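Undergrad: Quick one: structure below, then a few questions.
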Amino acid sequence: MLINKELQNFNSATADVLVVGVSKNQNNVANWQQFVDFFGSPIEQWIKEGDIQTDAKSITKIPVFSTQAKVKRIVFVGLGYRKMLTPDILREAFGLVGKTLRQHKTSSIALWVDSFETEEIPASDAVILAAEGMEMGSYTVENYKTTSNVAEITLEQVSFISNADIDELVAGYEVGEIYARAVNEARTLINKPGNLLTSTKLAEYAVELANEYNFEVEILDKAQLEELGMGAILAVNKGSKEEPRMITLKYQATDQWEDVVGFVGKGVTFDTGGYSIKSKSGLVGMKGDMGGAAAVLGAMRIIGELRPNKNVIGVIGSTDNMISGDAFKPDDVITTYSGKTVEILNTDAEGRLVLADAVFYAKQQGANYLIDLATLTGGVITALGYDKTGALTNNKEFFESFLEAADETGEFVWQLPLTENDKKRIRKSDVADLNNSPGSDGHMIFGGGFIGEFVGDTPWIHLDIAGTSDAMSAYDLGPKGGTGVMVRTLATLIERLAEEDSKH
Ligand code: BES
Ligand code: ZN
Ligand code: ZN
């Protein structure tokens with residue numbers, strides 16, 4: 001949807017809400033006096049007395065009395081000390097602005113950009129962060145109540161009060177919006193119940209995405225997976241009435257299909273644990289076991305919009321993990337697509353099986369770099385909590401570029417070690433090449449390390465998002481539920497790699 005965007009000043013800006021950044025040294029803001037005079041309210045006194053708060057990420061709203069002003073309300077967003085303001089704080093502060101705008105069913109806003117740009121964060125960056133924050137912050141989870149909340153209140157008009165170039169502001173705002181909308185799409189997928197989002201449906205979504213952005217798309221169904229011998233994803237799918245899908249999206253930016261970055265996502269639409277069944281409480285929330293797939297699809301959407309000069313392939317292995325007379329069992333030995341055999345010790349360690357076939361397939365399709373994303377283990381939550389994504393890698397340089405992207409988007413990632421001893425334990429089996437569950441000690445490493453057995457020498461990063469993909473409660477940038485973690489980081493990485501390439 002198109003938002004009308006234009007440059008305005010205080011006296012002409014017409015909007016439901018004027019958004020103003022306030023810090024502890026507000027007088028430094030250009031035109032501050034002009035603003036205070038125009039609105040004719042004792043704004044400075046209110047700031048001094050704490051009625052308008054300046055602490056970072058505090059929100060104060062006031063109705064506008066002035067008869068000459070054409071804005072109905074001012075939302076003040078606290079920035080703390082301007083010198084200490086970081087992009088992350090600014091984005092989160094605008095997440096809270098987004099929540100406030102939604103509460104007031106706002107359809108038009110005026111952004112006083114000078115009031116929240118700083119020396120380190122120029123206007124062009126500040127609008128990206130503001131747009132991203134507001135769009136992510138105002139997201140709500142679709143519900144299925146008879147009086148549904150689906151009808152969205154959308155922003156129709158954004159005006160900028162700024163000395164900067166309007167084209168630059170609009171361009172920046174649109175990039176922020178593109179990023180955040182893709183995150184929100186990923187969240188919606190994660191929040192969909194397992195009965196409504198089957199593997200078939202997920203594949204249909206991917207086809208629609210491909211058609212929208214002109215990606216090459218391939219959907220492998222059960223018969224095709226059987227033909228190809230993808231025994232790992234098929235083993236996980238065996239107990240299900242729903243068909244599995246292997247989904248591939250290709251974004252080709254250069255003439256040759258070379259230097260391809262592969263994103264590989266775990267798309268388990270519901271994880272019962274299989275015969276190694278989960279507990280009553282462990283089962284709840286397992287509709288979100290396709291967070292890795294959602295991250296891949298979200299990142300592909302941004303790539304489709306911004307069209308960076310870098311080849312990207314997205315591969316998603318999708319099935320549910322169910323129980324029936326047909327289901328796979330502990331002690332079973334299966335043959336993966338790569339030919340390696342696996343002794344099943346735990347049917348709840350299914351994600352690594354699905355990804356074993358998916359990463360091998362991504363390599364065959366030309367991926368020269370691999371990033372797999374999965375809600376893979378409870379172990380990562382034990383190790384790092386709910387706010388850090390756990391990582392493994394076999395390539396320092398690739399991981400460093402990735403970390404720079406994660407730093408830019410404010411998504412925290414922490415690397416764990418994968419040692420020869422860990423690999424030995426993954427390879428320990430009397431009957432097969434590998435086992436799928438070497439133990440519960442440090443088992444985030446075993447989960448990711450298992451996938452590493454299928455990547456060979458290809459530079460590879462494994463991201464365990466079991467803790468970060470689903471928020472247990474609302475936070476600055478979104479509500480409880482799917483977070484869309486890694487969507488922005490993956491897309492940023494591709495943008496930065498494309499920029500690097502263009503320098504050579
Ligand atoms: N999908 C789960 C991991 C998970 C746990 C995701 C909590 C989100 C929240 C995964 O398939 C799983 O069950 N992992 C097991 C592995 C174990 C059996 C080796 C785990 O972590 O307990
Ligand atoms: Zn599981
Ligand atoms: Zn799982």
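A note on labels: chains of the structure tokens are A, B, ... as shown, every chain counts residues from 1, and ligands are counted from 1 in their shown order.
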What residues of the protein or nucleic acid chains come within 10 Å of ligand 1 when you use only C-alpha atoms and all ligand atoms? Reply as a tab-separated table (two decimals) with all heavy atoms, in the first residue's frame.
TA:
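Resulting contents of part-v6.tsv:
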```tsv
chain	number	residue	atom	x	y	z
A	266	LYS	N	14.28	-24.42	8.90
A	266	LYS	CA	13.48	-25.52	9.46
A	266	LYS	C	12.02	-25.11	9.43
A	266	LYS	O	11.62	-24.13	10.06
A	266	LYS	CB	13.92	-25.80	10.90
A	266	LYS	CG	13.00	-26.78	11.66
A	266	LYS	CD	13.51	-27.10	13.08
A	266	LYS	CE	12.52	-27.96	13.86
A	266	LYS	NZ	12.97	-28.23	15.25
A	268	VAL	N	9.15	-26.99	10.44
A	268	VAL	CA	8.31	-28.00	11.10
A	268	VAL	C	7.04	-27.29	11.58
A	268	VAL	O	7.08	-26.45	12.48
A	268	VAL	CB	9.07	-28.71	12.24
A	268	VAL	CG1	8.13	-29.61	13.04
A	268	VAL	CG2	10.22	-29.55	11.65
A	269	THR	N	5.92	-27.62	10.95
A	269	THR	CA	4.69	-26.86	11.20
A	269	THR	C	4.05	-27.22	12.54
A	269	THR	O	3.28	-26.45	13.09
A	269	THR	CB	3.67	-27.06	10.07
A	269	THR	OG1	3.44	-28.47	9.94
A	269	THR	CG2	4.20	-26.51	8.75
A	270	PHE	N	4.36	-28.39	13.05
A	270	PHE	CA	4.05	-28.72	14.45
A	270	PHE	C	4.93	-29.89	14.88
A	270	PHE	O	5.06	-30.87	14.17
A	270	PHE	CB	2.57	-29.07	14.68
A	270	PHE	CG	2.23	-29.08	16.15
A	270	PHE	CD1	1.90	-27.91	16.81
A	270	PHE	CD2	2.32	-30.26	16.89
A	270	PHE	CE1	1.65	-27.90	18.18
A	270	PHE	CE2	2.08	-30.26	18.26
A	270	PHE	CZ	1.74	-29.07	18.90
A	271	ASP	N	5.51	-29.74	16.07
A	271	ASP	CA	6.44	-30.75	16.58
A	271	ASP	C	5.86	-31.40	17.84
A	271	ASP	O	5.89	-30.82	18.91
A	271	ASP	CB	7.79	-30.09	16.89
A	271	ASP	CG	8.83	-31.08	17.39
A	271	ASP	OD1	8.59	-32.30	17.31
A	271	ASP	OD2	9.90	-30.60	17.85
A	272	THR	N	5.32	-32.63	17.67
A	272	THR	CA	4.82	-33.34	18.86
A	272	THR	C	5.96	-34.01	19.61
A	272	THR	O	5.81	-34.43	20.76
A	272	THR	CB	3.82	-34.46	18.49
A	272	THR	OG1	4.54	-35.49	17.78
A	272	THR	CG2	2.68	-33.94	17.64
A	273	GLY	N	7.11	-34.14	18.92
A	273	GLY	CA	8.21	-34.92	19.47
A	273	GLY	C	8.21	-36.34	18.91
A	273	GLY	O	9.18	-37.08	19.04
A	274	GLY	N	7.10	-36.74	18.29
A	274	GLY	CA	7.00	-38.12	17.81
A	274	GLY	C	6.93	-39.07	19.00
A	274	GLY	O	6.50	-38.68	20.10
A	276	SER	N	9.19	-40.07	20.92
A	276	SER	CA	9.90	-39.45	22.07
A	276	SER	C	9.09	-38.21	22.44
A	276	SER	O	9.56	-37.08	22.38
A	276	SER	CB	11.32	-39.06	21.67
A	276	SER	OG	11.98	-40.12	21.02
A	277	ILE	N	7.84	-38.45	22.78
A	277	ILE	CA	6.83	-37.39	22.85
A	277	ILE	C	7.16	-36.30	23.88
A	277	ILE	O	7.76	-36.57	24.92
A	277	ILE	CB	5.43	-38.00	23.12
A	277	ILE	CG1	4.31	-36.99	22.89
A	277	ILE	CG2	5.37	-38.60	24.53
A	277	ILE	CD1	2.92	-37.63	22.85
A	278	LYS	N	6.77	-35.10	23.54
A	278	LYS	CA	6.98	-33.97	24.44
A	278	LYS	C	6.00	-34.03	25.61
A	278	LYS	O	4.98	-34.71	25.54
A	278	LYS	CB	6.76	-32.66	23.67
A	278	LYS	CG	7.86	-32.34	22.67
A	278	LYS	CD	7.61	-31.01	22.00
A	278	LYS	CE	8.69	-30.70	20.98
A	278	LYS	NZ	10.04	-30.55	21.56
A	282	GLY	N	5.33	-28.93	27.10
A	282	GLY	CA	6.31	-28.81	26.02
A	282	GLY	C	5.68	-28.74	24.64
A	282	GLY	O	6.25	-28.19	23.70
A	283	LEU	N	4.47	-29.29	24.53
A	283	LEU	CA	3.79	-29.31	23.23
A	283	LEU	C	3.24	-27.93	22.85
A	283	LEU	O	3.19	-27.57	21.67
A	283	LEU	CB	2.62	-30.31	23.27
A	283	LEU	CG	3.01	-31.78	23.13
A	283	LEU	CD1	1.88	-32.68	23.63
A	283	LEU	CD2	3.33	-32.11	21.68
A	284	VAL	N	2.85	-27.18	23.87
A	284	VAL	CA	2.22	-25.88	23.60
A	284	VAL	C	3.26	-24.92	23.02
A	284	VAL	O	4.35	-24.79	23.57
A	284	VAL	CB	1.60	-25.30	24.89
A	284	VAL	CG1	0.98	-23.93	24.60
A	284	VAL	CG2	0.57	-26.25	25.45
A	285	GLY	N	2.91	-24.32	21.92
A	285	GLY	CA	3.84	-23.39	21.26
A	285	GLY	C	4.57	-24.02	20.09
A	285	GLY	O	5.27	-23.31	19.35
A	286	MET	N	4.41	-25.32	19.90
A	286	MET	CA	5.18	-25.99	18.85
A	286	MET	C	4.67	-25.72	17.43
A	286	MET	O	5.23	-26.19	16.44
A	286	MET	CB	5.29	-27.49	19.13
A	286	MET	CG	6.38	-27.82	20.13
A	286	MET	SD	7.98	-27.15	19.62
A	286	MET	CE	8.54	-26.38	21.13
A	287	LYS	N	3.59	-24.91	17.32
A	287	LYS	CA	3.20	-24.41	16.00
A	287	LYS	C	4.30	-23.49	15.45
A	287	LYS	O	4.39	-23.25	14.26
A	287	LYS	CB	1.88	-23.63	16.08
A	287	LYS	CG	2.00	-22.33	16.89
A	287	LYS	CD	0.73	-21.50	16.90
A	287	LYS	CE	0.93	-20.22	17.72
A	287	LYS	NZ	-0.27	-19.39	17.78
A	288	GLY	N	5.13	-22.97	16.36
A	288	GLY	CA	6.17	-22.02	15.96
A	288	GLY	C	7.46	-22.68	15.52
A	288	GLY	O	8.48	-22.01	15.35
A	289	ASP	N	7.43	-24.02	15.33
A	289	ASP	CA	8.67	-24.73	15.02
A	289	ASP	C	9.10	-24.54	13.55
A	289	ASP	O	9.99	-25.23	13.06
A	289	ASP	CB	8.51	-26.22	15.36
A	289	ASP	CG	9.82	-26.86	15.80
A	289	ASP	OD1	10.78	-26.12	16.09
A	289	ASP	OD2	9.89	-28.11	15.83
A	290	MET	N	8.45	-23.58	12.90
A	290	MET	CA	8.83	-23.24	11.52
A	290	MET	C	9.40	-21.81	11.47
A	290	MET	O	9.37	-21.15	10.42
A	290	MET	CB	7.66	-23.40	10.54
A	290	MET	CG	6.27	-23.16	11.06
A	290	MET	SD	6.09	-21.52	11.79
A	290	MET	CE	6.17	-20.54	10.32
A	291	GLY	N	9.91	-21.34	12.63
A	291	GLY	CA	10.47	-19.98	12.69
A	291	GLY	C	11.65	-19.78	11.74
A	291	GLY	O	11.85	-18.68	11.20
A	321	ASN	N	5.75	-33.21	12.72
A	321	ASN	CA	6.37	-34.38	13.38
A	321	ASN	C	5.30	-35.03	14.24
A	321	ASN	O	5.01	-34.56	15.33
A	321	ASN	CB	7.57	-33.91	14.22
A	321	ASN	CG	8.33	-35.07	14.85
A	321	ASN	OD1	8.22	-36.23	14.42
A	321	ASN	ND2	9.11	-34.78	15.89
A	345	LEU	N	17.94	-41.92	17.82
A	345	LEU	CA	17.87	-42.16	19.26
A	345	LEU	C	16.72	-41.39	19.88
A	345	LEU	O	16.24	-41.73	20.96
A	345	LEU	CB	19.20	-41.77	19.92
A	345	LEU	CG	20.42	-42.60	19.51
A	345	LEU	CD1	21.67	-42.11	20.22
A	345	LEU	CD2	20.19	-44.09	19.78
A	346	ASN	N	16.30	-40.33	19.18
A	346	ASN	CA	15.24	-39.48	19.74
A	346	ASN	C	14.44	-38.87	18.58
A	346	ASN	O	15.00	-38.13	17.77
A	346	ASN	CB	15.90	-38.38	20.59
A	346	ASN	CG	14.88	-37.64	21.43
A	346	ASN	OD1	13.76	-37.40	21.00
A	346	ASN	ND2	15.27	-37.27	22.64
A	347	THR	N	13.16	-39.19	18.51
A	347	THR	CA	12.36	-38.67	17.39
A	347	THR	C	12.04	-37.19	17.55
A	347	THR	O	11.54	-36.55	16.62
A	347	THR	CB	11.04	-39.45	17.22
A	347	THR	OG1	10.28	-39.34	18.43
A	347	THR	CG2	11.30	-40.92	16.90
A	348	ASP	N	12.32	-36.66	18.75
A	348	ASP	CA	12.10	-35.22	18.97
A	348	ASP	C	13.28	-34.39	18.45
A	348	ASP	O	13.20	-33.17	18.37
A	348	ASP	CB	11.89	-34.96	20.47
A	348	ASP	CG	11.23	-33.63	20.74
A	348	ASP	OD1	10.75	-33.00	19.77
A	348	ASP	OD2	11.18	-33.23	21.92
A	349	ALA	N	14.38	-35.05	18.11
A	349	ALA	CA	15.50	-34.34	17.48
A	349	ALA	C	15.30	-34.43	15.97
A	349	ALA	O	16.11	-35.00	15.23
A	349	ALA	CB	16.82	-34.96	17.92
A	350	GLU	N	14.15	-33.89	15.51
A	350	GLU	CA	13.72	-34.04	14.11
A	350	GLU	C	14.21	-32.90	13.22
A	350	GLU	O	14.38	-33.10	12.01
A	350	GLU	CB	12.19	-34.15	14.04
A	350	GLU	CG	11.42	-32.82	13.98
A	350	GLU	CD	11.59	-31.94	15.21
A	350	GLU	OE1	12.06	-32.44	16.25
A	350	GLU	OE2	11.28	-30.74	15.13
A	351	GLY	N	14.44	-31.74	13.83
A	351	GLY	CA	14.81	-30.58	13.02
A	351	GLY	C	16.12	-30.80	12.29
A	351	GLY	O	16.27	-30.47	11.10
A	352	ARG	N	17.07	-31.39	12.98
A	352	ARG	CA	18.39	-31.63	12.37
A	352	ARG	C	18.28	-32.61	11.20
A	352	ARG	O	19.08	-32.55	10.27
A	352	ARG	CB	19.37	-32.13	13.46
A	352	ARG	CG	19.03	-33.45	14.07
A	352	ARG	CD	19.73	-33.68	15.41
A	352	ARG	NE	19.16	-32.83	16.47
A	352	ARG	CZ	19.60	-32.78	17.71
A	352	ARG	NH1	20.64	-33.50	18.08
A	352	ARG	NH2	19.03	-31.99	18.59
A	353	LEU	N	17.28	-33.52	11.27
A	353	LEU	CA	17.09	-34.47	10.17
A	353	LEU	C	16.55	-33.75	8.93
A	353	LEU	O	17.06	-33.91	7.82
A	353	LEU	CB	16.11	-35.58	10.60
A	353	LEU	CG	16.59	-36.45	11.78
A	353	LEU	CD1	15.46	-37.34	12.27
A	353	LEU	CD2	17.80	-37.28	11.37
A	374	ALA	N	17.03	-22.42	12.58
A	374	ALA	CA	16.10	-23.41	13.11
A	374	ALA	C	15.77	-23.15	14.58
A	374	ALA	O	16.63	-22.75	15.35
A	374	ALA	CB	16.70	-24.81	12.98
A	375	THR	N	14.51	-23.40	14.91
A	375	THR	CA	14.13	-23.50	16.33
A	375	THR	C	14.54	-24.91	16.74
A	375	THR	O	13.72	-25.80	16.83
A	375	THR	CB	12.61	-23.30	16.47
A	375	THR	OG1	11.96	-24.13	15.48
A	375	THR	CG2	12.20	-21.86	16.25
A	376	LEU	N	15.85	-25.09	16.95
A	376	LEU	CA	16.38	-26.46	16.97
A	376	LEU	C	16.40	-27.12	18.33
A	376	LEU	O	16.10	-28.30	18.45
A	376	LEU	CB	17.78	-26.50	16.34
A	376	LEU	CG	18.15	-27.88	15.80
A	376	LEU	CD1	17.36	-28.23	14.56
A	376	LEU	CD2	19.64	-27.99	15.50
A	377	THR	N	16.82	-26.37	19.37
A	377	THR	CA	16.97	-27.04	20.67
A	377	THR	C	16.53	-26.19	21.86
A	377	THR	O	16.68	-24.97	21.87
A	377	THR	CB	18.45	-27.41	20.93
A	377	THR	OG1	19.23	-26.22	21.09
A	377	THR	CG2	19.04	-28.26	19.83
A	378	GLY	N	16.01	-26.89	22.87
A	378	GLY	CA	15.79	-26.25	24.16
A	378	GLY	C	17.15	-25.90	24.78
A	378	GLY	O	17.24	-25.02	25.63
A	379	GLY	N	18.18	-26.60	24.32
A	379	GLY	CA	19.52	-26.38	24.87
A	379	GLY	C	20.01	-24.95	24.70
A	379	GLY	O	20.71	-24.41	25.56
A	380	VAL	N	19.63	-24.31	23.59
A	380	VAL	CA	20.10	-22.94	23.37
A	380	VAL	C	19.45	-21.99	24.38
A	380	VAL	O	20.04	-20.99	24.78
A	380	VAL	CB	19.85	-22.48	21.91
A	380	VAL	CG1	18.39	-22.14	21.65
A	380	VAL	CG2	20.72	-21.27	21.59
A	381	ILE	N	18.23	-22.35	24.80
A	381	ILE	CA	17.54	-21.51	25.78
A	381	ILE	C	18.22	-21.66	27.14
A	381	ILE	O	18.45	-20.68	27.85
A	381	ILE	CB	16.04	-21.89	25.86
A	381	ILE	CG1	15.40	-21.77	24.47
A	381	ILE	CG2	15.32	-21.02	26.88
A	381	ILE	CD1	13.98	-22.29	24.39
A	382	THR	N	18.58	-22.90	27.48
A	382	THR	CA	19.30	-23.13	28.73
A	382	THR	C	20.63	-22.38	28.73
A	382	THR	O	21.03	-21.77	29.72
A	382	THR	CB	19.57	-24.65	28.91
A	382	THR	OG1	18.35	-25.34	28.71
A	382	THR	CG2	20.14	-24.96	30.28
A	386	TYR	N	16.31	-16.30	26.39
A	386	TYR	CA	15.34	-16.05	25.32
A	386	TYR	C	15.70	-14.86	24.44
A	386	TYR	O	14.97	-14.52	23.54
A	386	TYR	CB	13.95	-15.84	25.92
A	386	TYR	CG	13.32	-17.12	26.42
A	386	TYR	CD1	13.31	-17.43	27.78
A	386	TYR	CD2	12.78	-18.04	25.53
A	386	TYR	CE1	12.74	-18.61	28.24
A	386	TYR	CE2	12.22	-19.23	25.98
A	386	TYR	CZ	12.20	-19.50	27.33
A	386	TYR	OH	11.66	-20.68	27.78
A	436	ASN	N	21.36	-39.21	16.07
A	436	ASN	CA	20.72	-37.90	16.07
A	436	ASN	C	20.54	-37.29	17.45
A	436	ASN	O	19.96	-36.22	17.59
A	436	ASN	CB	19.39	-37.92	15.30
A	436	ASN	CG	18.23	-38.43	16.15
A	436	ASN	OD1	18.43	-39.25	17.04
A	436	ASN	ND2	17.03	-37.94	15.87
A	437	SER	N	21.09	-37.95	18.48
A	437	SER	CA	20.95	-37.37	19.82
A	437	SER	C	22.03	-37.89	20.77
A	437	SER	O	21.79	-38.82	21.54
A	437	SER	CB	19.55	-37.67	20.35
A	437	SER	OG	19.37	-37.04	21.60
A	438	PRO	N	23.22	-37.27	20.72
A	438	PRO	CA	24.34	-37.79	21.50
A	438	PRO	C	24.23	-37.59	23.00
A	438	PRO	O	24.95	-38.22	23.76
A	438	PRO	CB	25.55	-36.99	20.97
A	438	PRO	CG	25.10	-36.42	19.67
A	438	PRO	CD	23.64	-36.19	19.81
A	439	GLY	N	23.32	-36.72	23.45
A	439	GLY	CA	23.21	-36.52	24.90
A	439	GLY	C	22.60	-35.17	25.20
A	439	GLY	O	22.42	-34.34	24.31
A	440	SER	N	22.29	-34.96	26.48
A	440	SER	CA	21.61	-33.71	26.83
A	440	SER	C	22.60	-32.65	27.33
A	440	SER	O	22.24	-31.50	27.55
A	440	SER	CB	20.54	-33.97	27.88
A	440	SER	OG	21.14	-34.58	29.01
A	441	ASP	N	23.86	-33.03	27.50
A	441	ASP	CA	24.86	-32.06	27.95
A	441	ASP	C	25.28	-31.18	26.76
A	441	ASP	O	25.73	-31.68	25.74
A	441	ASP	CB	26.09	-32.79	28.51
A	441	ASP	CG	26.61	-33.89	27.59
A	441	ASP	OD1	25.77	-34.57	26.94
A	441	ASP	OD2	27.84	-34.03	27.46
A	442	GLY	N	25.07	-29.87	26.91
A	442	GLY	CA	25.45	-28.94	25.84
A	442	GLY	C	24.83	-29.30	24.51
A	442	GLY	O	25.49	-29.24	23.47
A	443	HIS	N	23.54	-29.65	24.50
A	443	HIS	CA	23.01	-30.28	23.29
A	443	HIS	C	22.65	-29.31	22.16
A	443	HIS	O	22.35	-29.75	21.06
A	443	HIS	CB	21.88	-31.25	23.61
A	443	HIS	CG	20.57	-30.65	23.95
A	443	HIS	ND1	20.21	-30.36	25.23
A	443	HIS	CD2	19.53	-30.31	23.18
A	443	HIS	CE1	18.98	-29.86	25.22
A	443	HIS	NE2	18.55	-29.81	23.99
A	444	MET	N	22.73	-28.01	22.42
A	444	MET	CA	22.59	-27.08	21.28
A	444	MET	C	23.71	-27.37	20.27
A	444	MET	O	23.50	-27.32	19.05
A	444	MET	CB	22.68	-25.64	21.78
A	444	MET	CG	22.61	-24.58	20.70
A	444	MET	SD	24.27	-24.12	20.13
A	444	MET	CE	23.91	-23.00	18.82
A	446	PHE	N	25.26	-30.24	19.75
A	446	PHE	CA	25.04	-31.50	19.02
A	446	PHE	C	24.02	-31.30	17.89
A	446	PHE	O	24.15	-31.89	16.82
A	446	PHE	CB	24.54	-32.60	19.97
A	446	PHE	CG	25.57	-33.02	20.99
A	446	PHE	CD1	25.22	-33.22	22.31
A	446	PHE	CD2	26.89	-33.22	20.61
A	446	PHE	CE1	26.16	-33.60	23.25
A	446	PHE	CE2	27.85	-33.60	21.55
A	446	PHE	CZ	27.48	-33.79	22.87
A	447	GLY	N	23.00	-30.49	18.18
A	447	GLY	CA	21.96	-30.23	17.17
A	447	GLY	C	22.55	-29.57	15.94
A	447	GLY	O	22.42	-30.06	14.82
A	464	ASP	N	20.61	-21.17	15.91
A	464	ASP	CA	19.54	-21.80	16.70
A	464	ASP	C	18.69	-20.68	17.32
A	464	ASP	O	19.12	-19.99	18.25
A	464	ASP	CB	20.14	-22.72	17.77
A	464	ASP	CG	19.08	-23.63	18.39
A	464	ASP	OD1	17.89	-23.25	18.39
A	464	ASP	OD2	19.45	-24.73	18.89
A	465	ILE	N	17.48	-20.53	16.77
A	465	ILE	CA	16.60	-19.44	17.19
A	465	ILE	C	15.46	-19.93	18.09
A	465	ILE	O	14.42	-19.26	18.21
A	465	ILE	CB	16.03	-18.68	15.96
A	465	ILE	CG1	15.29	-19.63	15.01
A	465	ILE	CG2	17.13	-17.95	15.20
A	465	ILE	CD1	14.54	-18.93	13.87
A	466	ALA	N	15.67	-21.11	18.72
A	466	ALA	CA	14.59	-21.65	19.58
A	466	ALA	C	14.20	-20.66	20.68
A	466	ALA	O	13.04	-20.58	21.07
A	466	ALA	CB	15.02	-22.98	20.19
A	467	GLY	N	15.15	-19.89	21.18
A	467	GLY	CA	14.84	-18.93	22.24
A	467	GLY	C	14.30	-17.61	21.73
A	467	GLY	O	13.50	-16.95	22.39
A	468	THR	N	14.73	-17.22	20.55
A	468	THR	CA	14.46	-15.85	20.08
A	468	THR	C	13.31	-15.74	19.07
A	468	THR	O	12.89	-14.63	18.76
A	468	THR	CB	15.74	-15.28	19.41
A	468	THR	OG1	16.27	-16.25	18.49
A	468	THR	CG2	16.79	-14.96	20.45
A	469	SER	N	12.81	-16.86	18.60
A	469	SER	CA	11.82	-16.81	17.52
A	469	SER	C	10.40	-16.51	18.00
A	469	SER	O	9.57	-16.02	17.24
A	469	SER	CB	11.84	-18.15	16.77
A	469	SER	OG	10.88	-18.17	15.77
A	470	ASP	N	10.16	-16.80	19.27
A	470	ASP	CA	8.81	-16.63	19.83
A	470	ASP	C	8.94	-15.88	21.16
A	470	ASP	O	9.60	-16.38	22.06
A	470	ASP	CB	8.23	-18.03	20.11
A	470	ASP	CG	6.87	-18.22	19.48
A	470	ASP	OD1	6.06	-17.27	19.55
A	470	ASP	OD2	6.61	-19.31	18.95
```
Undergrad: Can you check which residues of region 33-253 of chain A DSSP gives as alpha helix (DSSP H) on the backbone and send them as a ChimeraX atom specification?
TA: /A:33-39,43-48,87-103,123-137,166-191,199-213,222-228,231-237
Undergrad: Find the residue from A:Phe412, A:Tyr179, A:Tyr251, A:Tyr275 that sits nearest to ligand 2; use only C-alpha atoms and all ligand atoms when measuring.
TA: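 Under the stated criterion, the closest residue is A:Tyr275.
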Undergrad: Tell me which protein, DNA and RNA residues are within 9 Å of Met486 (chain A), counting only C-alpha atoms, leaving out same-chain ones fewer than 6 positions away, and put them as a list of chain:residue names.
TA: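 Counting only C-alpha atoms, the residues come to A:Val183, A:Gly292, A:Ala295, A:Val296, A:Gly298, A:Ala299, A:Leu373, A:Thr389, A:Ala406, A:Thr409, A:Glu411, A:Ile465, A:Ser469.
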Undergrad: I need the residue nearest ligand 2 from this list: A:Ser502, A:Asn311, A:Ser279, A:Thr489. Use only C-alpha atoms and all ligand atoms for the distance.
TA: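 Smallest separation from ligand 2 among the options: A:Ser279.
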Undergrad: What lies within 8 Å of Thr198 (chain A) using only C-alpha atoms, ignoring chain neighbours under 4 positions off, as a PyMOL selection string?
TA: chain A and resi 194+202+242+269+319-320
Undergrad: To one decimal place in Å, what is the distance between CA of Arg301 (chain A) and CA of Val260 (chain A)?
TA: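 CA of Val260 (chain A) lies 17.0 Å from CA of Arg301 (chain A).
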Undergrad: Measuring atom to atom with only C-alpha atoms, identify which of A:Val141, A:Val431, A:Ile233, A:Ile166 is nearest to Glu343 (chain A).
TA: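 Nearest to Glu343 (chain A): A:Val431.
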Undergrad: Excluding Arg102 (chain A) and residues on its chain fewer than 3 positions from it, collect all residues at most 10 Å away from it, counting only C-alpha atoms, and give them as a ChimeraX atom specification.
TA: /A:96-99,105-107,134-135,137-140,152-155
Undergrad: If we count only C-alpha atoms, what is near Asn28 (chain A) at a cut-off of 12 Å, once residues fewer than 2 positions away on the same chain are taken out, given as a PyMOL selection string?
TA: chain A and resi 22-26+30-33+81-83+114-119
Undergrad: Report as number ranges by chain: the residues of region 121-360 of chain A with a DSSP assignment of strand (DSSP E), based on the backbone of this structure.
TA: A: 157-161, 216-220, 245-251, 260-271, 312-321, 333-335, 341-343
Undergrad: Set the distance at 8 Å and use only C-alpha atoms: which residues neighbour Lys70 (chain A) once local chain neighbours fewer than 6 positions away are removed? I'd like the list as a list in words.
TA: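 Contacts, with the query itself left out: Asn11, Ser12, Ala13, Thr14 and Ala15 of chain A.
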Undergrad: Determine the nearest neighbour of Glu142 (chain A) from the options A:Gly385, A:Pro193, A:Gly339, A:Gly172, counting only C-alpha atoms.
TA: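 Looking at the shortest contact to Glu142 (chain A), the residue is A:Pro193.
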Undergrad: Using Å and a single decimal, report how far CA of Gln103 (chain A) sits from CA of Leu197 (chain A).
TA: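 Taking CA of Leu197 (chain A) and CA of Gln103 (chain A), their separation equals 29.2 Å.
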